[in-house]
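Written below as structure tokens is the structure these notes are about.
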Amino acid sequence: MQAEEIERLIKISKERPLMPETYVPWHETPAADDLYLPEVLTSLQGLPVYDTLTQQQKIDLGRHEVVQVLYSYGWGEALFCVFMSKFILDLPPDSPEHRFLIREIIEEYRHQEMFAQTITLLQGEPLKQTPMHRFSGQVTTKYLPADYLFMGSLSVELITDLYGNHGRRAPEIYSVLRKVFELHNIEEGRHIHFTKGLLEQYTAKAGYIKKTLYSLVILMNIYFVRTMYVRKEIYERIGIPNPDAVYKEATKNFRNKFTQNCLGLIIEFVDSWGGFNTATRWAWRLLLKAKV
Ligand SMILES: [Fe+2]
Ligand SMILES: [Fe+2]
């Protein structure tokens with residue numbers, strides 16, 4: 001990416017910062033029929049059991065699931081900030097990359113605070129990550145080389161971008177959440193633009209093995225995001241009978257919906273530098289049921 005392009009991104013970030021304190025109408029209370037997550041993004045919509053729920057149960061399902069989404073975003077961004085803070089130590093402090101990443105870190109910390117405030121406002125009781133999620137998050141942040149971490153972060157940002165687009169444009173969603181999604185969507189758009197530019201340097205000179213590894217890192221990141229918020233405890237909380245069976249169905253249902261609604265841009269990106277080959281295709285098909 002050209003230096004002038006990075007300077008342009010820095011300028012926008014400085015001149016048009018989106019402050020959660022003023023951008024989000026925190027004082028607005030939800031209307032009785034407001035939803036918290038677009039129905040298409042909930043784990044149960046599309047299953048027969050969804051039609052047996054009362055309106056209140058549907059609202060509560062979205063509220064608990066959006067709390068998991070916000071909690072997972074915040075956690076993922078906190079890990080990414082740890083990595084970025086170390087990464088910039090090796091960059092010249094006056095380089096455009098260094099200065100953009102400082103802006104990104106500032107914005108990511110604001111996002112984390114905004115997510116936490118939203119969870120509190122929704123009286124959310126976030127369920128902790130599973131030990132497997134926690135372990136892999138911490139280990140990869142500590143040991144993976146920078147290019148792999150940027151690959152992983154970009155793939156997660158593309159998913160959050162998609163959620164943001166769904167959330168900010170849905171009139172049935174509680175106004176506070178709509179604005180939270182909107183703010184995040186706008187700022188992440190710039191991060192995605194920068195990271196894609198940065199990664200071009202890596203993919204341009206990557207050979208077969210590197211491309212295979214990049215592809216698998218992205219796949220694992222997406223798989224982790226997908227499995228983060230379908231939780232049996234939520235079905236128990238909202239009083240759905242037989243939560244074990246519902247959890248099993250929901251996992252399958254959400255996997256299919258996720259593949260249909262969320263994978264498009266990721267597949268396009270991985271395909272753009274040849275990340276699908278005989279060593280990776282089977283895994284994408286197996287874990288994400290992706291048509292690659
Ligand atoms: Fe963010
Ligand atoms: Fe970001």
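Letters for chains follow the order of the structure tokens (A, B, ...), residue numbers begin at 1 for each chain, and ligand numbers begin at 1 in the order shown.
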So that I can check the surroundings of A:Leu265, please list as a compact mmCIF listing (two decimals) with N, CA and C atoms, in the first residue's frame every protein, DNA and RNA residue that reaches within 12 Å of it, counting only C-alpha atoms and ignoring chain neighbours fewer than 6 positions away.
# COMPACT_ATOMS: atom_id res chain seq x y z
N LEU A 154 -7.68 -10.13 9.94
CA LEU A 154 -8.46 -9.66 8.79
C LEU A 154 -9.70 -10.53 8.60
N SER A 155 -9.52 -11.85 8.76
CA SER A 155 -10.68 -12.71 8.54
C SER A 155 -11.77 -12.44 9.58
N VAL A 156 -11.35 -12.19 10.83
CA VAL A 156 -12.35 -11.89 11.85
C VAL A 156 -13.00 -10.52 11.58
N GLU A 157 -12.18 -9.56 11.13
CA GLU A 157 -12.74 -8.24 10.82
C GLU A 157 -13.75 -8.33 9.68
N LEU A 158 -13.50 -9.20 8.71
CA LEU A 158 -14.46 -9.32 7.61
C LEU A 158 -15.80 -9.87 8.10
N ILE A 159 -15.73 -10.77 9.08
CA ILE A 159 -16.98 -11.30 9.64
C ILE A 159 -17.69 -10.22 10.47
N THR A 160 -16.93 -9.51 11.29
CA THR A 160 -17.58 -8.48 12.11
C THR A 160 -18.17 -7.39 11.20
N ASP A 161 -17.51 -7.16 10.08
CA ASP A 161 -18.01 -6.18 9.12
C ASP A 161 -19.39 -6.60 8.62
N LEU A 162 -19.50 -7.88 8.34
CA LEU A 162 -20.75 -8.40 7.83
C LEU A 162 -21.86 -8.32 8.89
N ILE A 192 -9.71 -2.83 7.70
CA ILE A 192 -9.69 -3.89 6.69
C ILE A 192 -8.90 -3.42 5.46
N ILE A 222 -11.99 -18.37 11.45
CA ILE A 222 -13.42 -18.31 11.13
C ILE A 222 -14.18 -19.38 11.91
N THR A 259 -22.47 -20.37 6.69
CA THR A 259 -21.86 -20.63 5.38
C THR A 259 -22.58 -19.82 4.30
N ASP A 271 -9.38 -16.71 -2.17
CA ASP A 271 -9.23 -17.10 -3.57
C ASP A 271 -8.34 -16.11 -4.33
N SER A 272 -8.37 -14.83 -3.92
CA SER A 272 -7.65 -13.80 -4.66
C SER A 272 -6.14 -14.04 -4.67
How close does each residue of chain A get to ligand 1, giving the shortest atom pair and distance in Å to one decimal for every residue with an atom at most 8 Å away, counting only C-alpha atoms and all ligand atoms, sorted by chain and residue number, as JSON lines?
{"residue": "A:Tyr73", "atom": "CA", "partner": "ligand 1", "partner_atom_place_in_ligand_line": "1 (Fe)", "distance": 7.3}
{"residue": "A:Gly74", "atom": "CA", "partner": "ligand 1", "partner_atom_place_in_ligand_line": "1 (Fe)", "distance": 7.8}
{"residue": "A:Glu77", "atom": "CA", "partner": "ligand 1", "partner_atom_place_in_ligand_line": "1 (Fe)", "distance": 6.2}
{"residue": "A:Glu107", "atom": "CA", "partner": "ligand 1", "partner_atom_place_in_ligand_line": "1 (Fe)", "distance": 6.8}
{"residue": "A:Glu108", "atom": "CA", "partner": "ligand 1", "partner_atom_place_in_ligand_line": "1 (Fe)", "distance": 4.6}
{"residue": "A:Tyr109", "atom": "CA", "partner": "ligand 1", "partner_atom_place_in_ligand_line": "1 (Fe)", "distance": 7.8}
{"residue": "A:His111", "atom": "CA", "partner": "ligand 1", "partner_atom_place_in_ligand_line": "1 (Fe)", "distance": 5.3}
{"residue": "A:Gln112", "atom": "CA", "partner": "ligand 1", "partner_atom_place_in_ligand_line": "1 (Fe)", "distance": 7.2}
{"residue": "A:Glu157", "atom": "CA", "partner": "ligand 1", "partner_atom_place_in_ligand_line": "1 (Fe)", "distance": 7.7}
{"residue": "A:His184", "atom": "CA", "partner": "ligand 1", "partner_atom_place_in_ligand_line": "1 (Fe)", "distance": 5.9}
{"residue": "A:Glu187", "atom": "CA", "partner": "ligand 1", "partner_atom_place_in_ligand_line": "1 (Fe)", "distance": 7.2}
{"residue": "A:Glu188", "atom": "CA", "partner": "ligand 1", "partner_atom_place_in_ligand_line": "1 (Fe)", "distance": 5.9}
Open item on the list: Taking only C-alpha atoms into account, name the residue in A:Tyr148, A:Lys58, A:His98, A:Leu213 that is nearest to A:Lys86.
Closed with: A:His98
Task: Which of A:Ser153, A:Glu15, A:Leu198, A:Gly164 sits closest to A:Thr141 [using only C-alpha atoms] - done: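 Closest candidate: A:Ser153.
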Open item on the list: Would you pick out the contacts of stretch 43-54 of chain A at 9 Å or less, using only C-alpha atoms, so that residues sharing its chain but fewer than 2 positions from it are not included, and give the list as number ranges by chain?
Closed with: A: 39-41, 56-59, 61-62, 65, 229-230, 240, 246, 249-251, 253-255, 257
Task: Residue nearest ligand 2 among A:Asn185, A:Asn256, A:Thr278, A:Gln129 (counting only C-alpha atoms and all ligand atoms) - done: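 Among the listed residues, A:Asn185 lies closest to ligand 2.
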Open item on the list: Here is a test: counting only C-alpha atoms, which residue of A:Tyr71, A:Trp273, A:Tyr163, A:Lys179 is nearest to A:Lys205?
Closed with: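 Smallest separation from A:Lys205 among the options: A:Trp273.
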Open item on the list: Using only C-alpha atoms, can you tell me which of A:Leu149, A:Met220, A:Ala78, A:Leu287 comes closest to A:Lys252?
Closed with: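 Among A:Leu149, A:Met220, A:Ala78, A:Leu287, it is A:Leu287 that comes nearest to A:Lys252.
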Neighbours of A:Val180 within 9 Å (only C-alpha atoms; same-chain residues fewer than 2 positions away dropped), as a PDB file with N, CA and C atoms, in the first residue's frame?
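Ended up saving to out_9.pdb:
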ATOM      1  N   PRO A  20     -17.611   6.810  20.928  1.00  0.00           N
ATOM      2  CA  PRO A  20     -18.787   6.079  21.420  1.00  0.00           C
ATOM      3  C   PRO A  20     -19.601   6.911  22.414  1.00  0.00           C
ATOM      4  N   TYR A  23     -21.524   9.271  19.956  1.00  0.00           N
ATOM      5  CA  TYR A  23     -22.098   8.696  18.740  1.00  0.00           C
ATOM      6  C   TYR A  23     -23.271   7.765  19.045  1.00  0.00           C
ATOM      7  N   VAL A  24     -23.185   7.109  20.193  1.00  0.00           N
ATOM      8  CA  VAL A  24     -24.218   6.126  20.548  1.00  0.00           C
ATOM      9  C   VAL A  24     -25.243   6.791  21.494  1.00  0.00           C
ATOM     10  N   HIS A 111     -13.391   0.681  21.029  1.00  0.00           N
ATOM     11  CA  HIS A 111     -14.421  -0.330  20.718  1.00  0.00           C
ATOM     12  C   HIS A 111     -14.650  -1.249  21.923  1.00  0.00           C
ATOM     13  N   MET A 114     -16.658   0.371  24.421  1.00  0.00           N
ATOM     14  CA  MET A 114     -18.047   0.494  23.942  1.00  0.00           C
ATOM     15  C   MET A 114     -18.794  -0.839  24.067  1.00  0.00           C
ATOM     16  N   PHE A 115     -18.119  -1.931  23.726  1.00  0.00           N
ATOM     17  CA  PHE A 115     -18.767  -3.243  23.843  1.00  0.00           C
ATOM     18  C   PHE A 115     -19.096  -3.537  25.311  1.00  0.00           C
ATOM     19  N   THR A 118     -22.027  -1.600  26.421  1.00  0.00           N
ATOM     20  CA  THR A 118     -23.269  -2.125  25.837  1.00  0.00           C
ATOM     21  C   THR A 118     -23.722  -3.377  26.588  1.00  0.00           C
ATOM     22  N   GLY A 164     -21.884  -6.197  11.274  1.00  0.00           N
ATOM     23  CA  GLY A 164     -22.146  -4.762  11.389  1.00  0.00           C
ATOM     24  C   GLY A 164     -23.113  -4.303  10.314  1.00  0.00           C
ATOM     25  N   GLY A 167     -26.560  -5.493  11.169  1.00  0.00           N
ATOM     26  CA  GLY A 167     -27.099  -4.849  12.371  1.00  0.00           C
ATOM     27  C   GLY A 167     -27.471  -3.393  12.168  1.00  0.00           C
ATOM     28  N   ARG A 168     -26.606  -2.656  11.476  1.00  0.00           N
ATOM     29  CA  ARG A 168     -26.850  -1.209  11.373  1.00  0.00           C
ATOM     30  C   ARG A 168     -28.007  -0.885  10.447  1.00  0.00           C
ATOM     31  N   SER A 175     -31.989   0.932  19.020  1.00  0.00           N
ATOM     32  CA  SER A 175     -31.184   2.019  18.450  1.00  0.00           C
ATOM     33  C   SER A 175     -29.741   2.047  18.964  1.00  0.00           C
ATOM     34  N   VAL A 176     -29.550   1.748  20.245  1.00  0.00           N
ATOM     35  CA  VAL A 176     -28.186   1.777  20.797  1.00  0.00           C
ATOM     36  C   VAL A 176     -27.307   0.756  20.060  1.00  0.00           C
ATOM     37  N   LEU A 177     -27.842  -0.434  19.882  1.00  0.00           N
ATOM     38  CA  LEU A 177     -27.057  -1.468  19.201  1.00  0.00           C
ATOM     39  C   LEU A 177     -26.806  -1.120  17.737  1.00  0.00           C
ATOM     40  N   ARG A 178     -27.824  -0.510  17.121  1.00  0.00           N
ATOM     41  CA  ARG A 178     -27.646  -0.124  15.706  1.00  0.00           C
ATOM     42  C   ARG A 178     -26.474   0.828  15.557  1.00  0.00           C
ATOM     43  N   GLU A 182     -22.928   0.402  13.769  1.00  0.00           N
ATOM     44  CA  GLU A 182     -22.570   1.356  12.722  1.00  0.00           C
ATOM     45  C   GLU A 182     -21.169   1.928  12.951  1.00  0.00           C
ATOM     46  N   LEU A 183     -20.927   2.370  14.172  1.00  0.00           N
ATOM     47  CA  LEU A 183     -19.605   2.924  14.498  1.00  0.00           C
ATOM     48  C   LEU A 183     -18.515   1.900  14.200  1.00  0.00           C
ATOM     49  N   HIS A 184     -18.753   0.693  14.651  1.00  0.00           N
ATOM     50  CA  HIS A 184     -17.739  -0.341  14.478  1.00  0.00           C
ATOM     51  C   HIS A 184     -17.508  -0.632  12.995  1.00  0.00           C
ATOM     52  N   ASN A 185     -18.610  -0.695  12.278  1.00  0.00           N
ATOM     53  CA  ASN A 185     -18.552  -0.975  10.858  1.00  0.00           C
ATOM     54  C   ASN A 185     -17.717   0.061  10.101  1.00  0.00           C
TER      55      ASN A 185
END
From stretch 93-162 of chain A, collect each residue whose DSSP state is helix (DSSP H, G or I) and return the set as an mmCIF file with N, CA and C atoms, in the first residue's frame.
data_model
loop_
_atom_site.group_PDB
_atom_site.id
_atom_site.type_symbol
_atom_site.label_atom_id
_atom_site.label_comp_id
_atom_site.auth_asym_id
_atom_site.auth_seq_id
_atom_site.Cartn_x
_atom_site.Cartn_y
_atom_site.Cartn_z
ATOM 1 N N PRO A 96 4.493 5.633 8.178
ATOM 2 C CA PRO A 96 3.025 5.653 8.084
ATOM 3 C C PRO A 96 2.406 4.420 8.754
ATOM 4 N N GLU A 97 3.047 3.253 8.597
ATOM 5 C CA GLU A 97 2.486 2.028 9.192
ATOM 6 C C GLU A 97 2.394 2.151 10.710
ATOM 7 N N HIS A 98 3.475 2.627 11.309
ATOM 8 C CA HIS A 98 3.481 2.785 12.764
ATOM 9 C C HIS A 98 2.368 3.735 13.201
ATOM 10 N N ARG A 99 2.271 4.860 12.491
ATOM 11 C CA ARG A 99 1.285 5.850 12.923
ATOM 12 C C ARG A 99 -0.147 5.371 12.669
ATOM 13 N N PHE A 100 -0.349 4.613 11.593
ATOM 14 C CA PHE A 100 -1.708 4.082 11.387
ATOM 15 C C PHE A 100 -2.051 3.070 12.477
ATOM 16 N N LEU A 101 -1.094 2.206 12.802
ATOM 17 C CA LEU A 101 -1.393 1.173 13.802
ATOM 18 C C LEU A 101 -1.668 1.784 15.181
ATOM 19 N N ILE A 102 -1.014 2.915 15.476
ATOM 20 C CA ILE A 102 -1.350 3.622 16.724
ATOM 21 C C ILE A 102 -2.824 4.044 16.692
ATOM 22 N N ARG A 103 -3.253 4.595 15.545
ATOM 23 C CA ARG A 103 -4.665 4.996 15.418
ATOM 24 C C ARG A 103 -5.577 3.773 15.581
ATOM 25 N N GLU A 104 -5.153 2.661 14.971
ATOM 26 C CA GLU A 104 -5.991 1.460 15.045
ATOM 27 C C GLU A 104 -6.088 0.979 16.496
ATOM 28 N N ILE A 105 -4.951 0.997 17.201
ATOM 29 C CA ILE A 105 -4.977 0.545 18.602
ATOM 30 C C ILE A 105 -5.911 1.445 19.424
ATOM 31 N N ILE A 106 -5.798 2.762 19.206
ATOM 32 C CA ILE A 106 -6.673 3.698 19.937
ATOM 33 C C ILE A 106 -8.139 3.348 19.666
ATOM 34 N N GLU A 107 -8.450 3.133 18.390
ATOM 35 C CA GLU A 107 -9.845 2.841 18.033
ATOM 36 C C GLU A 107 -10.297 1.505 18.626
ATOM 37 N N GLU A 108 -9.398 0.519 18.584
ATOM 38 C CA GLU A 108 -9.778 -0.797 19.122
ATOM 39 C C GLU A 108 -10.045 -0.724 20.628
ATOM 40 N N TYR A 109 -9.273 0.095 21.332
ATOM 41 C CA TYR A 109 -9.556 0.222 22.773
ATOM 42 C C TYR A 109 -10.887 0.931 23.014
ATOM 43 N N ARG A 110 -11.191 1.898 22.161
ATOM 44 C CA ARG A 110 -12.499 2.553 22.299
ATOM 45 C C ARG A 110 -13.612 1.541 22.031
ATOM 46 N N HIS A 111 -13.391 0.681 21.029
ATOM 47 C CA HIS A 111 -14.421 -0.330 20.718
ATOM 48 C C HIS A 111 -14.650 -1.249 21.923
ATOM 49 N N GLN A 112 -13.536 -1.667 22.517
ATOM 50 C CA GLN A 112 -13.677 -2.605 23.642
ATOM 51 C C GLN A 112 -14.466 -1.978 24.787
ATOM 52 N N GLU A 113 -14.197 -0.698 25.014
ATOM 53 C CA GLU A 113 -14.936 -0.008 26.079
ATOM 54 C C GLU A 113 -16.420 0.095 25.705
ATOM 55 N N MET A 114 -16.658 0.371 24.421
ATOM 56 C CA MET A 114 -18.047 0.494 23.942
ATOM 57 C C MET A 114 -18.794 -0.839 24.067
ATOM 58 N N PHE A 115 -18.119 -1.931 23.726
ATOM 59 C CA PHE A 115 -18.767 -3.243 23.843
ATOM 60 C C PHE A 115 -19.096 -3.537 25.311
ATOM 61 N N ALA A 116 -18.131 -3.241 26.177
ATOM 62 C CA ALA A 116 -18.348 -3.517 27.604
ATOM 63 C C ALA A 116 -19.528 -2.705 28.130
ATOM 64 N N GLN A 117 -19.594 -1.436 27.714
ATOM 65 C CA GLN A 117 -20.699 -0.586 28.173
ATOM 66 C C GLN A 117 -22.038 -1.105 27.649
ATOM 67 N N THR A 118 -22.027 -1.600 26.421
ATOM 68 C CA THR A 118 -23.269 -2.125 25.837
ATOM 69 C C THR A 118 -23.722 -3.377 26.588
ATOM 70 N N ILE A 119 -22.769 -4.231 26.916
ATOM 71 C CA ILE A 119 -23.112 -5.453 27.659
ATOM 72 C C ILE A 119 -23.751 -5.076 28.993
ATOM 73 N N THR A 120 -23.174 -4.088 29.674
ATOM 74 C CA THR A 120 -23.733 -3.646 30.955
ATOM 75 C C THR A 120 -25.147 -3.106 30.763
ATOM 76 N N LEU A 121 -25.310 -2.287 29.711
ATOM 77 C CA LEU A 121 -26.621 -1.692 29.452
ATOM 78 C C LEU A 121 -27.676 -2.772 29.186
ATOM 79 N N PRO A 131 -12.480 -23.347 27.347
ATOM 80 C CA PRO A 131 -11.025 -23.446 27.549
ATOM 81 C C PRO A 131 -10.273 -23.563 26.222
ATOM 82 N N MET A 132 -10.890 -24.246 25.249
ATOM 83 C CA MET A 132 -10.214 -24.400 23.959
ATOM 84 C C MET A 132 -10.054 -23.038 23.256
ATOM 85 N N HIS A 133 -11.104 -22.222 23.293
ATOM 86 C CA HIS A 133 -11.009 -20.891 22.683
ATOM 87 C C HIS A 133 -9.947 -20.052 23.382
ATOM 88 N N ARG A 134 -9.967 -20.132 24.724
ATOM 89 C CA ARG A 134 -9.042 -19.307 25.495
ATOM 90 C C ARG A 134 -7.596 -19.702 25.203
ATOM 91 N N PHE A 135 -7.374 -21.011 25.226
ATOM 92 C CA PHE A 135 -6.025 -21.525 25.015
ATOM 93 C C PHE A 135 -5.510 -21.114 23.629
ATOM 94 N N SER A 136 -6.302 -21.379 22.598
ATOM 95 C CA SER A 136 -5.781 -21.068 21.259
ATOM 96 C C SER A 136 -5.626 -19.574 21.054
ATOM 97 N N GLY A 137 -6.538 -18.774 21.613
ATOM 98 C CA GLY A 137 -6.404 -17.317 21.475
ATOM 99 C C GLY A 137 -5.093 -16.840 22.053
ATOM 100 N N GLN A 138 -4.795 -17.313 23.255
ATOM 101 C CA GLN A 138 -3.577 -16.828 23.921
ATOM 102 C C GLN A 138 -2.318 -17.361 23.256
ATOM 103 N N VAL A 139 -2.336 -18.637 22.907
ATOM 104 C CA VAL A 139 -1.132 -19.219 22.303
ATOM 105 C C VAL A 139 -0.834 -18.586 20.944
ATOM 106 N N THR A 140 -1.873 -18.427 20.120
ATOM 107 C CA THR A 140 -1.597 -17.867 18.790
ATOM 108 C C THR A 140 -1.114 -16.412 18.916
ATOM 109 N N THR A 141 -1.705 -15.649 19.829
ATOM 110 C CA THR A 141 -1.270 -14.257 19.974
ATOM 111 C C THR A 141 0.193 -14.188 20.398
ATOM 112 N N LYS A 142 0.601 -15.138 21.198
ATOM 113 C CA LYS A 142 1.977 -15.118 21.694
ATOM 114 C C LYS A 142 2.979 -15.597 20.654
ATOM 115 N N TYR A 143 2.634 -16.660 19.936
ATOM 116 C CA TYR A 143 3.670 -17.324 19.145
ATOM 117 C C TYR A 143 3.564 -17.208 17.627
ATOM 118 N N ALA A 146 3.858 -12.378 12.674
ATOM 119 C CA ALA A 146 2.968 -11.241 12.395
ATOM 120 C C ALA A 146 2.055 -11.462 11.189
ATOM 121 N N ASP A 147 2.615 -11.993 10.075
ATOM 122 C CA ASP A 147 1.772 -12.109 8.886
ATOM 123 C C ASP A 147 0.568 -13.027 9.146
ATOM 124 N N TYR A 148 0.774 -14.077 9.941
ATOM 125 C CA TYR A 148 -0.329 -15.003 10.244
ATOM 126 C C TYR A 148 -1.370 -14.315 11.131
ATOM 127 N N LEU A 149 -0.870 -13.509 12.069
ATOM 128 C CA LEU A 149 -1.824 -12.825 12.946
ATOM 129 C C LEU A 149 -2.647 -11.786 12.186
ATOM 130 N N PHE A 150 -1.995 -11.111 11.248
ATOM 131 C CA PHE A 150 -2.763 -10.158 10.444
ATOM 132 C C PHE A 150 -3.782 -10.893 9.557
ATOM 133 N N MET A 151 -3.394 -12.056 9.059
ATOM 134 C CA MET A 151 -4.339 -12.865 8.278
ATOM 135 C C MET A 151 -5.560 -13.215 9.128
ATOM 136 N N GLY A 152 -5.276 -13.679 10.338
ATOM 137 C CA GLY A 152 -6.351 -14.073 11.244
ATOM 138 C C GLY A 152 -7.239 -12.894 11.581
ATOM 139 N N SER A 153 -6.592 -11.755 11.884
ATOM 140 C CA SER A 153 -7.384 -10.601 12.300
ATOM 141 C C SER A 153 -8.239 -10.103 11.145
ATOM 142 N N LEU A 154 -7.677 -10.130 9.937
ATOM 143 C CA LEU A 154 -8.464 -9.664 8.792
ATOM 144 C C LEU A 154 -9.705 -10.534 8.600
ATOM 145 N N SER A 155 -9.524 -11.849 8.760
ATOM 146 C CA SER A 155 -10.681 -12.711 8.536
ATOM 147 C C SER A 155 -11.768 -12.437 9.578
ATOM 148 N N VAL A 156 -11.354 -12.187 10.825
ATOM 149 C CA VAL A 156 -12.353 -11.886 11.853
ATOM 150 C C VAL A 156 -12.995 -10.525 11.575
ATOM 151 N N GLU A 157 -12.184 -9.565 11.130
ATOM 152 C CA GLU A 157 -12.737 -8.242 10.820
ATOM 153 C C GLU A 157 -13.753 -8.327 9.676
ATOM 154 N N LEU A 158 -13.497 -9.201 8.712
ATOM 155 C CA LEU A 158 -14.457 -9.324 7.608
ATOM 156 C C LEU A 158 -15.796 -9.870 8.105
ATOM 157 N N ILE A 159 -15.730 -10.767 9.075
ATOM 158 C CA ILE A 159 -16.978 -11.305 9.642
ATOM 159 C C ILE A 159 -17.694 -10.224 10.471
ATOM 160 N N THR A 160 -16.932 -9.509 11.291
ATOM 161 C CA THR A 160 -17.582 -8.479 12.109
ATOM 162 C C THR A 160 -18.173 -7.395 11.205
ATOM 163 N N ASP A 161 -17.514 -7.156 10.079
ATOM 164 C CA ASP A 161 -18.014 -6.179 9.123
ATOM 165 C C ASP A 161 -19.389 -6.599 8.615
ATOM 166 N N LEU A 162 -19.500 -7.884 8.336
ATOM 167 C CA LEU A 162 -20.748 -8.399 7.834
ATOM 168 C C LEU A 162 -21.861 -8.317 8.893
#
Open item on the list: Here is a test: counting only C-alpha atoms, which residue of A:Thr42, A:Thr29, A:Ser215, A:Ser85 is nearest to A:Ala283?
Closed with: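 Checking each candidate against A:Ala283, we get A:Ser215 as the closest.
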Open item on the list: Quick check, in Å to one decimal: how far apart do atom CA of A:Tyr36 and atom CA of A:Tyr174 lie?
Closed with: 5.9 Å
Open item on the list: So the first atom is atom CA of A:His166 and the second is atom CA of A:Leu127; what is the distance between them in Å, to one decimal place?
Closed with: 23.4 Å
TODO: Could you jot down the atom CA of A:Pro92 to atom CA of A:Met1 separation for me, Å, one decimal place?
DONE: 16.7 Å
- [ ] Name all residues at most 10 Å from A:Asp60 (count only C-alpha atoms; drop same-chain ones fewer than 5 positions away) and give them as a ChimeraX atom specification.
- [x] /A:35-37,54-55,65-66,234-235,237-238
Could the residues in this selection be written to a file with N, CA and C atoms, as a short mmCIF file (atom, residue, chain, number, x, y, z; two decimals), in the first residue's frame?
data_model
loop_
_atom_site.label_atom_id
_atom_site.label_comp_id
_atom_site.auth_asym_id
_atom_site.auth_seq_id
_atom_site.Cartn_x
_atom_site.Cartn_y
_atom_site.Cartn_z
N LEU A 35 -35.69 -5.70 18.67
CA LEU A 35 -34.84 -6.90 18.72
C LEU A 35 -33.40 -6.46 19.00
N TYR A 36 -32.57 -7.45 19.33
CA TYR A 36 -31.18 -7.14 19.67
C TYR A 36 -30.19 -7.69 18.66
N LEU A 37 -30.63 -8.66 17.90
CA LEU A 37 -29.78 -9.24 16.87
C LEU A 37 -30.70 -9.54 15.69
N THR A 54 -42.17 -17.81 22.18
CA THR A 54 -42.98 -16.59 22.30
C THR A 54 -42.13 -15.43 21.80
N GLN A 55 -42.80 -14.28 21.55
CA GLN A 55 -42.05 -13.11 21.08
C GLN A 55 -40.99 -12.72 22.10
N GLU A 65 -27.59 -13.65 22.78
CA GLU A 65 -26.59 -13.98 21.74
C GLU A 65 -25.79 -12.76 21.34
N VAL A 66 -26.42 -11.59 21.33
CA VAL A 66 -25.64 -10.40 20.96
C VAL A 66 -24.62 -10.09 22.06
N ILE A 234 -27.74 -20.57 27.02
CA ILE A 234 -28.69 -19.53 26.61
C ILE A 234 -30.09 -20.13 26.46
N TYR A 235 -30.15 -21.34 25.91
CA TYR A 235 -31.47 -21.98 25.74
C TYR A 235 -32.08 -22.31 27.10
N ARG A 237 -31.51 -20.58 29.84
CA ARG A 237 -31.92 -19.31 30.43
C ARG A 237 -33.29 -18.85 29.95
N ILE A 238 -33.56 -19.05 28.66
CA ILE A 238 -34.84 -18.53 28.16
C ILE A 238 -35.96 -19.58 28.24
#
